[in-house]
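*Asks:* This is the structure I want to talk about, given as structure tokens.
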Amino acid sequence: MILGLLITLFGVYAVLRLDGFYARIVVTSKVEALGFMTVIAGASILTGFSPVSLKLLLILLFELLTVSAGAHAIVRSAWISGYRTRTVTAPGDPVPSPGRPVTIADQTTTGDHFRD
């Protein structure tokens, strides 16, 4: 259980250090799943083979199925609503016109994000 708490603590630190929405959501979903899995595994080892450990394993299964689906839904809705990374142009590079959508070839990740 201590390992799960350390993993979760590392995840909180990583989320605070990262500066992009998409990077933060990936770290949050992965660390949350791994930290929760180790905490539940430790709790089920402490309780031994009992109905409580079976309930803990069912909760773990449900959580592992839903955390990735939830993160995917959040990222997909952000992408569909127009949340994109900021484009960086060097001096002399053509700037996309306001009416033209920004393509992946136009984008460079700087960590700053804005809504189109």
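Following the order of the structure tokens, first chain is A, next is B, and so on, with residues numbered from 1 inside each chain and ligands from 1 in the order they appear.
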Mind checking which residues fall within 9 Å of segment 73-80 of chain A, counting only C-alpha atoms, ignoring those fewer than 3 positions away in the same chain, and posting them as a list in words?
*Replies:*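 Those residues are Phe21, Tyr22, Ile25, Ser68, Ala69, Gly70, Tyr83 and Arg84 of chain A.
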*Asks:* Any chance you could export the current selection's C-alpha atoms as a CSV table (one decimal), in the first residue's frame?
*Replies:*
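Heads up, here's the output in selection-v1.csv:
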```csv
chain,number,residue,atom,x,y,z
A,21,PHE,CA,-3.5,19.7,-20.9
A,22,TYR,CA,-2.9,16.5,-23.0
A,25,ILE,CA,-4.4,13.9,-18.7
A,68,SER,CA,-9.1,4.8,-19.6
A,69,ALA,CA,-12.5,5.3,-21.0
A,70,GLY,CA,-13.0,8.4,-18.9
A,83,TYR,CA,-8.8,22.9,-27.7
A,84,ARG,CA,-5.5,22.8,-29.5
```
*Asks:* For Leu34 of chain A, work out the shell of residues within 12 Å, counting only C-alpha atoms and skipping chain neighbours fewer than 6 positions away, then give it as a PyMOL selection string.
*Replies:* chain A and resi 1+3-11+27-28+40-41+60+63-64+67-68
*Asks:* With N, CA, C and O atoms retained, write the just-selected residues as a PDB file, in the first residue's frame.
*Replies:*
```pdb
ATOM      1  N   MET A   1       0.816  -1.185   0.000  1.00  0.00           N
ATOM      2  CA  MET A   1       0.000   0.000   0.000  1.00  0.00           C
ATOM      3  C   MET A   1       0.866   1.258   0.000  1.00  0.00           C
ATOM      4  O   MET A   1       0.475   2.267  -0.578  1.00  0.00           O
ATOM      5  N   LEU A   3       3.658   1.553  -1.564  1.00  0.00           N
ATOM      6  CA  LEU A   3       4.097   1.739  -2.949  1.00  0.00           C
ATOM      7  C   LEU A   3       3.035   2.485  -3.749  1.00  0.00           C
ATOM      8  O   LEU A   3       3.356   3.382  -4.537  1.00  0.00           O
ATOM      9  N   GLY A   4       1.778   2.147  -3.548  1.00  0.00           N
ATOM     10  CA  GLY A   4       0.696   2.837  -4.244  1.00  0.00           C
ATOM     11  C   GLY A   4       0.621   4.302  -3.878  1.00  0.00           C
ATOM     12  O   GLY A   4       0.377   5.166  -4.729  1.00  0.00           O
ATOM     13  N   LEU A   5       0.839   4.612  -2.620  1.00  0.00           N
ATOM     14  CA  LEU A   5       0.829   6.005  -2.189  1.00  0.00           C
ATOM     15  C   LEU A   5       2.017   6.774  -2.769  1.00  0.00           C
ATOM     16  O   LEU A   5       1.890   7.945  -3.149  1.00  0.00           O
ATOM     17  N   LEU A   6       3.177   6.117  -2.863  1.00  0.00           N
ATOM     18  CA  LEU A   6       4.338   6.772  -3.464  1.00  0.00           C
ATOM     19  C   LEU A   6       4.133   7.015  -4.958  1.00  0.00           C
ATOM     20  O   LEU A   6       4.517   8.066  -5.479  1.00  0.00           O
ATOM     21  N   ILE A   7       3.521   6.049  -5.640  1.00  0.00           N
ATOM     22  CA  ILE A   7       3.226   6.224  -7.065  1.00  0.00           C
ATOM     23  C   ILE A   7       2.265   7.388  -7.261  1.00  0.00           C
ATOM     24  O   ILE A   7       2.442   8.229  -8.149  1.00  0.00           O
ATOM     25  N   THR A   8       1.248   7.461  -6.431  1.00  0.00           N
ATOM     26  CA  THR A   8       0.281   8.550  -6.530  1.00  0.00           C
ATOM     27  C   THR A   8       0.934   9.891  -6.222  1.00  0.00           C
ATOM     28  O   THR A   8       0.660  10.898  -6.896  1.00  0.00           O
ATOM     29  N   LEU A   9       1.811   9.934  -5.237  1.00  0.00           N
ATOM     30  CA  LEU A   9       2.531  11.162  -4.916  1.00  0.00           C
ATOM     31  C   LEU A   9       3.409  11.604  -6.085  1.00  0.00           C
ATOM     32  O   LEU A   9       3.460  12.790  -6.427  1.00  0.00           O
ATOM     33  N   PHE A  10       4.072  10.652  -6.726  1.00  0.00           N
ATOM     34  CA  PHE A  10       4.865  10.960  -7.911  1.00  0.00           C
ATOM     35  C   PHE A  10       3.975  11.515  -9.023  1.00  0.00           C
ATOM     36  O   PHE A  10       4.354  12.443  -9.734  1.00  0.00           O
ATOM     37  N   GLY A  11       2.788  10.957  -9.178  1.00  0.00           N
ATOM     38  CA  GLY A  11       1.853  11.437 -10.191  1.00  0.00           C
ATOM     39  C   GLY A  11       1.404  12.856  -9.939  1.00  0.00           C
ATOM     40  O   GLY A  11       1.279  13.653 -10.872  1.00  0.00           O
ATOM     41  N   VAL A  27      -0.754  11.494 -17.927  1.00  0.00           N
ATOM     42  CA  VAL A  27      -0.097  11.148 -16.665  1.00  0.00           C
ATOM     43  C   VAL A  27      -1.125  10.862 -15.577  1.00  0.00           C
ATOM     44  O   VAL A  27      -0.990   9.902 -14.814  1.00  0.00           O
ATOM     45  N   THR A  28      -2.175  11.653 -15.531  1.00  0.00           N
ATOM     46  CA  THR A  28      -3.196  11.464 -14.500  1.00  0.00           C
ATOM     47  C   THR A  28      -3.852  10.105 -14.626  1.00  0.00           C
ATOM     48  O   THR A  28      -4.009   9.389 -13.625  1.00  0.00           O
ATOM     49  N   ILE A  40      -5.061  -1.290  -3.873  1.00  0.00           N
ATOM     50  CA  ILE A  40      -6.066  -2.353  -3.756  1.00  0.00           C
ATOM     51  C   ILE A  40      -5.387  -3.712  -3.612  1.00  0.00           C
ATOM     52  O   ILE A  40      -5.848  -4.567  -2.838  1.00  0.00           O
ATOM     53  N   ALA A  41      -4.298  -3.941  -4.333  1.00  0.00           N
ATOM     54  CA  ALA A  41      -3.575  -5.204  -4.190  1.00  0.00           C
ATOM     55  C   ALA A  41      -3.031  -5.352  -2.772  1.00  0.00           C
ATOM     56  O   ALA A  41      -3.119  -6.437  -2.176  1.00  0.00           O
ATOM     57  N   LEU A  60     -11.438  -3.050  -8.304  1.00  0.00           N
ATOM     58  CA  LEU A  60     -10.248  -2.819  -9.114  1.00  0.00           C
ATOM     59  C   LEU A  60     -10.541  -3.050 -10.596  1.00  0.00           C
ATOM     60  O   LEU A  60     -10.137  -2.255 -11.446  1.00  0.00           O
ATOM     61  N   GLU A  63     -12.629  -0.187 -11.913  1.00  0.00           N
ATOM     62  CA  GLU A  63     -11.836   1.038 -12.007  1.00  0.00           C
ATOM     63  C   GLU A  63     -10.888   0.993 -13.203  1.00  0.00           C
ATOM     64  O   GLU A  63     -10.740   1.976 -13.922  1.00  0.00           O
ATOM     65  N   LEU A  64     -10.261  -0.149 -13.453  1.00  0.00           N
ATOM     66  CA  LEU A  64      -9.339  -0.262 -14.584  1.00  0.00           C
ATOM     67  C   LEU A  64     -10.067  -0.151 -15.922  1.00  0.00           C
ATOM     68  O   LEU A  64      -9.499   0.342 -16.894  1.00  0.00           O
ATOM     69  N   VAL A  67     -11.242   3.998 -16.025  1.00  0.00           N
ATOM     70  CA  VAL A  67     -10.301   5.127 -16.000  1.00  0.00           C
ATOM     71  C   VAL A  67      -9.817   5.478 -17.403  1.00  0.00           C
ATOM     72  O   VAL A  67      -9.734   6.651 -17.762  1.00  0.00           O
ATOM     73  N   SER A  68      -9.522   4.492 -18.219  1.00  0.00           N
ATOM     74  CA  SER A  68      -9.058   4.792 -19.572  1.00  0.00           C
ATOM     75  C   SER A  68     -10.196   5.319 -20.441  1.00  0.00           C
ATOM     76  O   SER A  68      -9.980   6.218 -21.263  1.00  0.00           O
TER      77      SER A  68
END
```
*Asks:* Of the candidates A:Val15, A:Leu65, A:Leu56, A:Ala71, which shows the shortest atom-to-atom distance to Val39 of chain A, using only C-alpha atoms?
*Replies:* A:Leu56
*Asks:* Enter the distance from atom CA of Ser29 of chain A to atom CA of Leu61 of chain A, in Å, rounded to one decimal.
*Replies:*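 If I compute the distance from atom CA of Ser29 of chain A to atom CA of Leu61 of chain A, I get 14.9 Å.
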*Asks:* Can you pull out the residues contacting Leu54 of chain A? Cut-off 12 Å, using only C-alpha atoms, and skip same-chain residues under 3 positions away; I want them as a list in words.
*Replies:* Ile40, Ala41, Ala43, Ser44, Ile45, Thr47, Gly48, Phe49, Ser50, Pro51, Leu57, Leu58, Ile59, Leu60 and Leu61 of chain A
*Asks:* Those residues you just picked out, can you put them in a file as a compact mmCIF listing (two decimals), in the first residue's frame with all heavy atoms?
*Replies:*
```
# COMPACT_ATOMS: atom_id res chain seq x y z
N ILE A 40 -5.06 -1.29 -3.87
CA ILE A 40 -6.07 -2.35 -3.76
C ILE A 40 -5.39 -3.71 -3.61
O ILE A 40 -5.85 -4.57 -2.84
CB ILE A 40 -7.02 -2.33 -4.97
CG1 ILE A 40 -7.86 -1.07 -4.95
CG2 ILE A 40 -7.90 -3.56 -5.01
CD1 ILE A 40 -8.83 -0.97 -3.79
N ALA A 41 -4.30 -3.94 -4.33
CA ALA A 41 -3.57 -5.20 -4.19
C ALA A 41 -3.03 -5.35 -2.77
O ALA A 41 -3.12 -6.44 -2.18
CB ALA A 41 -2.44 -5.28 -5.21
N ALA A 43 -4.25 -3.93 -0.05
CA ALA A 43 -5.39 -4.13 0.85
C ALA A 43 -5.94 -5.54 0.75
O ALA A 43 -6.31 -6.14 1.78
CB ALA A 43 -6.48 -3.12 0.54
N SER A 44 -5.97 -6.11 -0.45
CA SER A 44 -6.47 -7.48 -0.58
C SER A 44 -5.49 -8.49 0.00
O SER A 44 -5.90 -9.53 0.52
CB SER A 44 -6.80 -7.80 -2.03
OG SER A 44 -5.65 -7.73 -2.82
N ILE A 45 -4.20 -8.21 -0.04
CA ILE A 45 -3.22 -9.09 0.60
C ILE A 45 -3.37 -9.03 2.12
O ILE A 45 -3.28 -10.04 2.81
CB ILE A 45 -1.79 -8.72 0.15
CG1 ILE A 45 -1.58 -9.14 -1.30
CG2 ILE A 45 -0.73 -9.37 1.05
CD1 ILE A 45 -0.29 -8.64 -1.91
N THR A 47 -6.11 -8.36 3.81
CA THR A 47 -7.36 -9.01 4.26
C THR A 47 -7.34 -10.51 4.06
O THR A 47 -8.15 -11.21 4.65
CB THR A 47 -8.57 -8.41 3.52
OG1 THR A 47 -8.42 -8.63 2.13
CG2 THR A 47 -8.73 -6.94 3.83
N GLY A 48 -6.43 -11.01 3.23
CA GLY A 48 -6.39 -12.43 2.96
C GLY A 48 -7.50 -12.82 2.00
O GLY A 48 -8.19 -11.98 1.43
N PHE A 49 -7.68 -14.13 1.80
CA PHE A 49 -8.73 -14.59 0.90
C PHE A 49 -10.05 -14.57 1.65
O PHE A 49 -10.32 -15.42 2.50
CB PHE A 49 -8.43 -15.98 0.37
CG PHE A 49 -9.41 -16.44 -0.67
CD1 PHE A 49 -9.40 -15.86 -1.93
CD2 PHE A 49 -10.35 -17.42 -0.39
CE1 PHE A 49 -10.30 -16.26 -2.89
CE2 PHE A 49 -11.26 -17.81 -1.34
CZ PHE A 49 -11.24 -17.23 -2.60
N SER A 50 -10.86 -13.57 1.34
CA SER A 50 -12.14 -13.41 2.03
C SER A 50 -13.10 -12.71 1.07
O SER A 50 -12.70 -12.27 0.00
CB SER A 50 -11.96 -12.58 3.30
OG SER A 50 -11.58 -11.27 2.97
N PRO A 51 -14.36 -12.60 1.46
CA PRO A 51 -15.31 -11.86 0.61
C PRO A 51 -14.89 -10.39 0.41
O PRO A 51 -15.18 -9.80 -0.62
CB PRO A 51 -16.62 -11.96 1.36
CG PRO A 51 -16.51 -13.18 2.19
CD PRO A 51 -15.06 -13.30 2.54
N LEU A 57 -11.20 -6.74 -5.45
CA LEU A 57 -10.77 -7.08 -6.81
C LEU A 57 -11.83 -6.70 -7.84
O LEU A 57 -11.49 -6.28 -8.95
CB LEU A 57 -10.42 -8.56 -6.90
CG LEU A 57 -9.18 -8.97 -6.11
CD1 LEU A 57 -8.97 -10.48 -6.18
CD2 LEU A 57 -7.96 -8.23 -6.58
N LEU A 58 -13.11 -6.81 -7.50
CA LEU A 58 -14.16 -6.36 -8.41
C LEU A 58 -14.13 -4.84 -8.59
O LEU A 58 -14.32 -4.33 -9.70
CB LEU A 58 -15.53 -6.81 -7.91
CG LEU A 58 -15.84 -8.30 -8.07
CD1 LEU A 58 -17.16 -8.65 -7.40
CD2 LEU A 58 -15.86 -8.68 -9.53
N ILE A 59 -13.88 -4.13 -7.49
CA ILE A 59 -13.74 -2.67 -7.59
C ILE A 59 -12.54 -2.32 -8.46
O ILE A 59 -12.61 -1.41 -9.29
CB ILE A 59 -13.61 -2.05 -6.18
CG1 ILE A 59 -14.92 -2.17 -5.43
CG2 ILE A 59 -13.15 -0.60 -6.25
CD1 ILE A 59 -14.82 -1.83 -3.95
N LEU A 60 -11.44 -3.05 -8.30
CA LEU A 60 -10.25 -2.82 -9.11
C LEU A 60 -10.54 -3.05 -10.60
O LEU A 60 -10.14 -2.25 -11.45
CB LEU A 60 -9.11 -3.72 -8.65
CG LEU A 60 -7.83 -3.66 -9.47
CD1 LEU A 60 -7.19 -2.29 -9.36
CD2 LEU A 60 -6.86 -4.73 -9.01
N LEU A 61 -11.24 -4.12 -10.91
CA LEU A 61 -11.59 -4.41 -12.30
C LEU A 61 -12.45 -3.29 -12.89
O LEU A 61 -12.19 -2.82 -14.01
CB LEU A 61 -12.31 -5.74 -12.40
CG LEU A 61 -12.78 -6.15 -13.79
CD1 LEU A 61 -11.57 -6.43 -14.68
CD2 LEU A 61 -13.68 -7.35 -13.71
```
